[in-house]
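Below is run.tsv, holding TSV, C-alpha atoms.
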chain	number	residue	atom	x	y	z
A	1	THR	CA	100.73	139.77	180.71
A	2	PHE	CA	103.55	138.08	178.75
A	3	SER	CA	107.07	137.83	179.85
A	4	LYS	CA	109.93	138.77	177.61
A	5	ASP	CA	110.54	135.14	176.87
A	6	GLY	CA	106.89	134.63	175.96
A	7	GLN	CA	106.84	137.67	173.67
A	8	SER	CA	109.96	136.50	171.82
A	9	GLN	CA	108.47	133.04	171.36
A	10	ALA	CA	105.23	134.52	169.97
A	11	CYS	CA	107.15	136.67	167.50
A	12	GLN	CA	109.14	133.68	166.32
A	13	PHE	CA	105.90	131.67	165.86
A	14	THR	CA	104.33	134.51	163.84
A	15	GLN	CA	107.38	134.82	161.56
A	16	ARG	CA	107.43	131.11	160.91
A	17	ALA	CA	103.70	131.04	160.09
A	18	ARG	CA	104.02	133.85	157.51
A	19	ARG	CA	106.35	132.26	154.98
A	20	PRO	CA	106.37	134.09	151.63
A	21	ILE	CA	104.76	132.28	148.61
A	22	THR	CA	107.30	131.90	145.79
A	23	GLY	CA	104.78	132.05	142.92
A	24	PRO	CA	101.16	131.55	141.94
A	25	ALA	CA	99.85	127.98	141.88
A	26	THR	CA	99.61	126.54	138.30
A	27	MET	CA	97.61	123.62	136.86
A	28	LYS	CA	98.55	121.86	133.61
A	29	LEU	CA	95.63	121.21	131.22
A	30	ASP	CA	95.65	118.62	128.42
A	31	PHE	CA	94.31	120.17	125.20
A	32	SER	CA	95.30	117.26	122.94
A	33	VAL	CA	91.65	116.19	122.67
A	34	LEU	CA	91.00	119.41	120.72
A	35	ASP	CA	93.57	118.57	118.02
A	36	ALA	CA	92.48	117.09	114.71
A	37	PRO	CA	92.76	113.28	114.68
A	38	VAL	CA	95.72	111.86	112.71
A	39	ARG	CA	94.53	109.50	110.01
A	40	ALA	CA	96.61	106.50	108.99
A	41	ALA	CA	96.46	107.65	105.35
A	42	ASP	CA	97.90	111.07	106.28
A	43	LYS	CA	100.74	109.44	108.21
A	44	LEU	CA	101.57	107.12	105.29
A	45	GLU	CA	101.47	110.03	102.84
A	46	ALA	CA	103.89	112.02	105.03
A	47	GLU	CA	106.31	109.08	105.22
A	48	CYS	CA	106.21	108.59	101.43
A	49	ALA	CA	106.80	112.30	100.86
A	50	ALA	CA	109.82	112.20	103.18
A	51	GLU	CA	111.25	109.25	101.24
A	52	VAL	CA	110.72	110.97	97.90
A	53	THR	CA	112.49	114.15	99.03
A	54	SER	CA	115.36	112.25	100.65
A	55	ASP	CA	118.49	111.12	98.84
A	56	VAL	CA	118.26	107.37	98.29
A	57	HIS	CA	121.87	107.29	97.10
A	58	ALA	CA	123.23	108.65	100.40
A	59	GLN	CA	124.52	105.32	101.68
A	60	ASN	CA	126.85	105.67	104.64
A	61	PHE	CA	129.51	103.03	104.09
A	62	LYS	CA	132.62	103.62	106.17
A	63	LEU	CA	135.88	102.65	104.49
A	64	PRO	CA	138.65	100.93	106.47
A	65	MET	CA	140.89	103.33	108.42
A	66	VAL	CA	144.10	102.62	106.50
A	67	ASP	CA	146.73	104.89	104.96
A	68	ASN	CA	146.48	103.47	101.44
A	69	TYR	CA	143.08	102.02	100.59
A	70	ASP	CA	144.11	100.66	97.15
A	71	ASP	CA	147.02	98.64	98.58
A	72	PHE	CA	144.78	97.39	101.39
A	73	GLN	CA	142.12	96.23	98.91
A	74	ARG	CA	144.63	94.35	96.76
A	75	GLU	CA	146.07	92.66	99.84
A	76	VAL	CA	142.63	91.58	101.10
A	77	VAL	CA	141.70	90.15	97.69
A	78	ASP	CA	144.87	88.07	97.75
A	79	TYR	CA	143.89	86.71	101.17
A	80	VAL	CA	140.21	86.06	100.41
A	81	LYS	CA	140.54	84.89	96.76
A	82	PRO	CA	136.80	84.99	95.97
A	83	ASN	CA	135.59	82.33	93.53
A	84	HIS	CA	132.13	82.98	92.16
A	85	GLY	CA	130.05	80.35	90.40
A	86	THR	CA	126.60	80.49	88.88
A	87	THR	CA	124.71	80.29	85.60
A	88	THR	CA	121.96	82.73	84.62
A	89	LEU	CA	120.43	83.54	81.25
A	90	ALA	CA	117.66	85.61	79.70
A	91	PHE	CA	116.45	86.16	76.16
A	92	ILE	CA	113.72	88.04	74.33
A	93	PHE	CA	111.40	86.23	71.91
A	94	GLU	CA	108.06	86.87	70.24
A	95	HIS	CA	105.95	86.43	73.38
A	96	GLY	CA	108.08	88.25	75.94
A	97	VAL	CA	111.21	87.45	77.98
A	98	VAL	CA	112.36	84.16	79.49
A	99	VAL	CA	114.69	84.21	82.51
A	100	ALA	CA	116.31	81.00	83.78
A	101	VAL	CA	118.75	80.57	86.68
A	102	ASP	CA	120.29	77.89	88.87
A	103	SER	CA	120.37	78.02	92.70
A	104	ARG	CA	123.88	76.98	93.83
A	105	ALA	CA	126.14	79.26	95.87
A	106	SER	CA	129.79	78.39	96.37
A	107	GLN	CA	132.65	79.58	98.58
A	108	GLY	CA	135.69	78.51	96.63
A	109	PRO	CA	135.57	74.70	96.34
A	110	TYR	CA	132.89	74.50	99.04
A	111	ILE	CA	129.18	74.41	98.07
A	112	SER	CA	127.61	76.72	100.65
A	113	SER	CA	123.97	76.53	99.52
A	114	GLN	CA	121.74	74.79	97.00
A	115	THR	CA	118.67	76.98	97.54
A	116	VAL	CA	119.70	80.54	96.66
A	117	LYS	CA	116.97	82.56	94.96
A	118	LYS	CA	118.89	84.18	92.10
A	119	VAL	CA	115.92	86.01	90.60
A	120	ILE	CA	115.09	89.26	92.41
A	121	GLU	CA	111.47	90.27	91.86
A	122	ILE	CA	111.85	94.06	91.62
A	123	ASN	CA	108.18	94.73	90.88
A	124	PRO	CA	105.36	92.83	89.11
A	125	TYR	CA	106.85	93.74	85.70
A	126	LEU	CA	110.60	93.73	86.42
A	127	LEU	CA	113.05	90.95	87.28
A	128	GLY	CA	116.74	91.02	88.15
A	129	THR	CA	119.25	88.16	88.16
A	130	MET	CA	122.23	87.52	90.45
A	131	ALA	CA	125.77	86.57	89.47
A	132	GLY	CA	128.90	87.40	91.45
A	133	GLY	CA	128.74	88.25	95.13
A	134	ALA	CA	125.39	87.18	96.58
A	135	ALA	CA	125.27	89.95	99.20
A	136	ASP	CA	126.15	92.68	96.67
A	137	CYS	CA	123.50	91.54	94.18
A	138	GLN	CA	120.75	91.13	96.76
A	139	PHE	CA	121.40	94.47	98.47
A	140	TRP	CA	121.70	96.67	95.40
A	141	GLN	CA	118.83	95.08	93.49
A	142	ARG	CA	116.54	95.52	96.49
A	143	ASN	CA	117.79	99.10	96.61
A	144	LEU	CA	116.81	99.32	92.94
A	145	GLY	CA	113.33	98.15	93.89
A	146	ILE	CA	113.07	101.06	96.34
A	147	GLN	CA	114.15	103.54	93.69
A	148	CYS	CA	111.64	102.12	91.18
A	149	ARG	CA	108.83	102.38	93.74
A	150	LEU	CA	109.73	105.99	94.56
A	151	HIS	CA	109.79	106.80	90.85
A	152	GLU	CA	106.29	105.35	90.53
A	153	LEU	CA	105.01	107.39	93.49
A	154	GLU	CA	106.58	110.60	92.22
A	155	ASN	CA	105.58	110.29	88.55
A	156	GLY	CA	102.38	108.29	88.77
A	157	LYS	CA	103.51	105.57	86.36
A	158	ARG	CA	105.78	102.51	86.28
A	159	ILE	CA	109.43	102.97	85.44
A	160	SER	CA	110.63	101.57	82.13
A	161	VAL	CA	113.10	98.70	81.87
A	162	SER	CA	115.65	101.09	80.39
A	163	GLY	CA	115.18	103.54	83.26
A	164	ALA	CA	115.50	100.84	85.92
A	165	SER	CA	118.72	99.50	84.39
A	166	LYS	CA	120.09	103.05	84.19
A	167	LEU	CA	119.37	103.65	87.88
A	168	LEU	CA	121.25	100.47	88.80
A	169	SER	CA	124.13	101.34	86.48
A	170	ASN	CA	124.45	104.84	87.97
A	171	THR	CA	124.44	103.45	91.51
A	172	LEU	CA	127.10	100.82	90.77
A	173	TYR	CA	129.27	103.31	88.88
A	174	GLY	CA	129.48	105.39	92.05
A	175	TYR	CA	131.01	102.40	93.87
A	176	ARG	CA	133.32	101.32	91.05
A	177	GLY	CA	136.68	100.07	92.29
A	178	GLN	CA	135.48	99.53	95.87
A	179	GLY	CA	135.23	95.74	95.76
A	180	LEU	CA	131.72	95.06	94.45
A	181	SER	CA	131.28	91.91	92.35
A	182	MET	CA	128.09	91.90	90.29
A	183	GLY	CA	127.00	90.71	86.86
A	184	THR	CA	123.25	91.19	86.69
A	185	MET	CA	120.48	91.30	84.12
A	186	VAL	CA	117.39	93.50	84.32
A	187	ALA	CA	114.46	92.10	82.33
A	188	GLY	CA	110.88	93.25	82.11
A	189	TRP	CA	107.98	94.64	80.13
A	190	ASP	CA	107.02	98.32	79.74
A	191	LEU	CA	105.13	100.52	77.27
A	192	ASN	CA	107.77	99.80	74.62
A	193	GLY	CA	107.40	96.04	74.99
A	194	PRO	CA	109.95	93.55	76.36
A	195	GLY	CA	113.36	94.81	77.47
A	196	LEU	CA	116.62	93.18	78.54
A	197	TYR	CA	119.79	94.85	79.87
A	198	TYR	CA	123.08	93.62	81.30
A	199	VAL	CA	124.58	95.66	84.17
A	200	ASP	CA	127.77	94.87	86.08
A	201	SER	CA	129.70	96.31	89.03
A	202	ASP	CA	131.87	98.52	86.78
A	203	GLY	CA	128.78	100.45	85.71
A	204	THR	CA	128.66	98.76	82.29
A	205	ARG	CA	125.16	98.74	80.79
A	206	LEU	CA	124.37	96.79	77.61
A	207	LYS	CA	121.10	96.29	75.77
A	208	GLY	CA	120.54	92.98	74.00
A	209	LYS	CA	118.23	90.10	73.16
A	210	ARG	CA	120.28	87.22	74.62
A	211	PHE	CA	122.56	87.21	77.67
A	212	SER	CA	124.11	84.54	79.87
A	213	VAL	CA	126.19	85.41	82.93
A	214	GLY	CA	128.26	83.26	85.28
A	215	SER	CA	130.89	80.57	85.34
A	216	GLY	CA	128.66	78.23	83.31
A	217	SER	CA	127.57	80.87	80.80
A	218	LEU	CA	129.69	79.47	77.94
A	219	PHE	CA	127.96	76.09	78.18
A	220	ALA	CA	124.57	77.80	78.36
A	221	TYR	CA	125.39	79.94	75.33
A	222	GLY	CA	126.15	76.80	73.30
A	223	VAL	CA	122.66	75.40	73.88
A	224	LEU	CA	120.93	78.78	73.70
A	225	ASP	CA	122.47	79.80	70.38
A	226	GLN	CA	121.69	76.44	68.82
A	227	GLY	CA	118.02	76.35	69.81
A	228	TYR	CA	117.01	80.03	69.77
A	229	LYS	CA	114.35	81.25	67.33
A	230	TRP	CA	112.29	84.43	67.46
A	231	ASP	CA	108.96	82.66	66.91
A	232	LEU	CA	109.27	80.16	69.75
A	233	SER	CA	106.14	79.40	71.72
A	234	VAL	CA	106.10	80.10	75.45
A	235	GLU	CA	106.49	76.40	76.28
A	236	GLU	CA	109.36	75.96	73.80
A	237	ALA	CA	111.14	79.06	75.10
A	238	CYS	CA	110.87	77.93	78.72
A	239	GLU	CA	112.14	74.48	77.76
A	240	LEU	CA	115.09	76.04	75.92
A	241	GLY	CA	116.06	78.10	78.96
A	242	ARG	CA	115.69	75.10	81.26
A	243	ARG	CA	117.76	72.86	78.99
A	244	ALA	CA	120.51	75.46	78.61
A	245	ILE	CA	120.85	75.90	82.38
A	246	TYR	CA	120.81	72.15	82.92
A	247	HIS	CA	123.68	71.48	80.50
A	248	ALA	CA	125.65	74.27	82.18
A	249	THR	CA	125.15	72.64	85.59
A	250	PHE	CA	126.21	69.31	84.08
A	251	ARG	CA	129.57	70.73	82.92
A	252	ASP	CA	130.19	73.45	85.53
A	253	ALA	CA	130.88	72.30	89.09
A	254	PHE	CA	129.92	75.68	90.54
A	255	SER	CA	126.37	75.60	89.11
A	256	GLY	CA	123.55	73.33	90.21
A	257	GLY	CA	120.65	72.96	92.61
A	258	THR	CA	117.25	73.91	91.25
A	259	ILE	CA	116.52	75.49	87.87
A	260	SER	CA	113.94	78.30	88.06
A	261	VAL	CA	112.30	79.58	84.88
A	262	TYR	CA	110.33	82.84	84.64
A	263	HIS	CA	108.30	84.27	81.78
A	264	VAL	CA	107.64	88.03	81.49
A	265	SER	CA	104.73	89.17	79.33
A	266	GLU	CA	102.54	92.26	79.05
A	267	LYS	CA	100.63	90.98	82.11
A	268	GLY	CA	103.78	90.77	84.26
A	269	TRP	CA	106.15	88.00	85.26
A	270	THR	CA	105.14	84.41	86.00
A	271	LYS	CA	107.25	81.65	87.49
A	272	MET	CA	106.86	78.75	85.09
A	273	SER	CA	108.81	76.01	86.87
A	274	GLY	CA	111.36	75.10	89.50
A	275	THR	CA	112.98	71.71	88.83
A	276	ASP	CA	115.84	69.91	90.54
A	277	VAL	CA	118.75	69.18	88.20
A	278	GLY	CA	118.82	65.57	89.42
A	279	GLU	CA	115.36	64.99	88.00
A	280	LEU	CA	116.24	66.73	84.73
A	281	HIS	CA	119.32	64.54	84.32
A	282	TYR	CA	117.20	61.42	83.88
A	283	GLU	CA	114.83	63.33	81.61
A	284	TYR	CA	117.58	64.40	79.20
A	285	TYR	CA	119.71	61.25	79.68
A	286	PRO	CA	117.23	58.41	80.31
A	287	ALA	CA	118.78	55.27	81.79
A	288	GLU	CA	118.72	52.12	79.71
A	289	PRO	CA	116.58	49.26	81.02
A	290	VAL	CA	118.63	46.63	82.82
A	291	GLY	CA	117.33	43.77	80.64
A	292	GLU	CA	118.32	45.42	77.37
A	293	LYS	CA	121.77	46.22	78.74
A	294	THR	CA	122.32	42.55	79.76
A	295	ASP	CA	121.22	41.29	76.35
A	296	ALA	CA	123.57	43.66	74.60
A	297	MET	CA	126.48	42.47	76.72
A	298	GLU	CA	125.72	38.79	75.96
A	299	THR	CA	125.56	39.37	72.21

Would it be possible to restate this file's structure as structure tokens?
Amino acid sequence: TFSKDGQSQACQFTQRARRPITGPATMKLDFSVLDAPVRAADKLEAECAAEVTSDVHAQNFKLPMVDNYDDFQREVVDYVKPNHGTTTLAFIFEHGVVVAVDSRASQGPYISSQTVKKVIEINPYLLGTMAGGAADCQFWQRNLGIQCRLHELENGKRISVSGASKLLSNTLYGYRGQGLSMGTMVAGWDLNGPGLYYVDSDGTRLKGKRFSVGSGSLFAYGVLDQGYKWDLSVEEACELGRRAIYHATFRDAFSGGTISVYHVSEKGWTKMSGTDVGELHYEYYPAEPVGEKTDAMET
């Protein structure tokens, strides 16, 4: 027999033991092993397709939060007073295109670097030069390289020199009046032969056979116009470009460093030389022997 207290305790024990189950027990299974393996080639193809369908011109540059942007830009230019110095040139001749540049970068009267690479290698058949703001030229010409590569993937053939220069011109025209400083040349070889275009930050695009851009361009033009001939050999053309850049560095304080010379032919571009202007000075202006100088003074 159970007492009342014992019966109540037994009932409480039975109620506690029979707790309701909230839901059926579940087990998670991993079926990923049944999926098809992802190949590296498929992943690369998907990434390239996404780049082709995307808008490469959609650059998100935030403008300063000011009431009048034009007044703000003029005021900043007065404060900064950018002084750009360089000398670049390119010309077409019988055997292709020669591109020659210096390597000095300046910040006003201060020489900030002597080793700037002012030739941007867009692809194996296209070259771009830098004059103006170094950051602007480097960024937008590398952006041009992306656009040229996407064009090649989409159309299955290399872009022409004319098309590449037009892409750069269209891009820069969209940012006209927003402070860019660029005076570039696009040189290369396509199915139509050698090509040379001048493109600047205003969206200007000019086709020609001889261009020189930069603070020392007038000095370079003097040598280039005097020595240019259509039937120059490759060695003579490279020497003409090197000599023109050297004389510009000799007269222009904002140009100097190393002179790089490139030749573009139907097989692509080739870097022909990279020579310090100090060495070229003694090549073009050899020093007189000390003995001969002393004899001349005595006579």

Using all atoms listed in the file, which residues of segment 73-125 of chain A come within 10 Å of segment 155-168 of chain A, and what is the closest atom pair for each, with the distance in Å to one decimal? Give it as JSON lines, sorted by chain and residue number.
{"residue": "A:Ile122", "atom": "CA", "partner": "A:Ala164", "partner_atom": "CA", "distance": 9.6}
{"residue": "A:Asn123", "atom": "CA", "partner": "A:Arg158", "partner_atom": "CA", "distance": 9.4}
{"residue": "A:Tyr125", "atom": "CA", "partner": "A:Val161", "partner_atom": "CA", "distance": 8.9}

Quiz item: Which residues, protein or nucleic acid, reach to within 7 Å of (123.5, 84.3, 71.6) in the file's coordinates when using all atoms listed in the file, and can you give that as number ranges by chain?
Solution: A: 210-211, 221, 224-225

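The smallest atom-to-atom distance between Ala253 of chain A and any of A:Ser103, A:Asn192, A:Ser215, A:Gln114, using only C-alpha atoms, is found for A:Ser215.
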
Hey, can I get the axis-aligned box for segment 247-264 of chain A? All listed atoms, 8 Å padding on each side, centre and edge lengths in Å to one decimal, as lines of an AutoDock Vina configuration file.
center_x = 119.3
center_y = 78.7
center_z = 86.6
size_x = 39.2
size_y = 34.7
size_z = 28.1

Exercise. Just give me the gap between atom CA of Gly174 of chain A and atom CA of Leu191 of chain A in Å, one decimal is fine.
Key: 28.9 Å

Exercise. State, in Å with one decimal place, the distance from atom CA of Ala105 of chain A to atom CA of Gly256 of chain A.
Key: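 Answer for the atom CA of Ala105 of chain A to atom CA of Gly256 of chain A separation: 8.6 Å.
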
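With atom CA of Leu150 of chain A on one side and atom CA of Ser260 of chain A on the other, the separation reads 28.8 Å.
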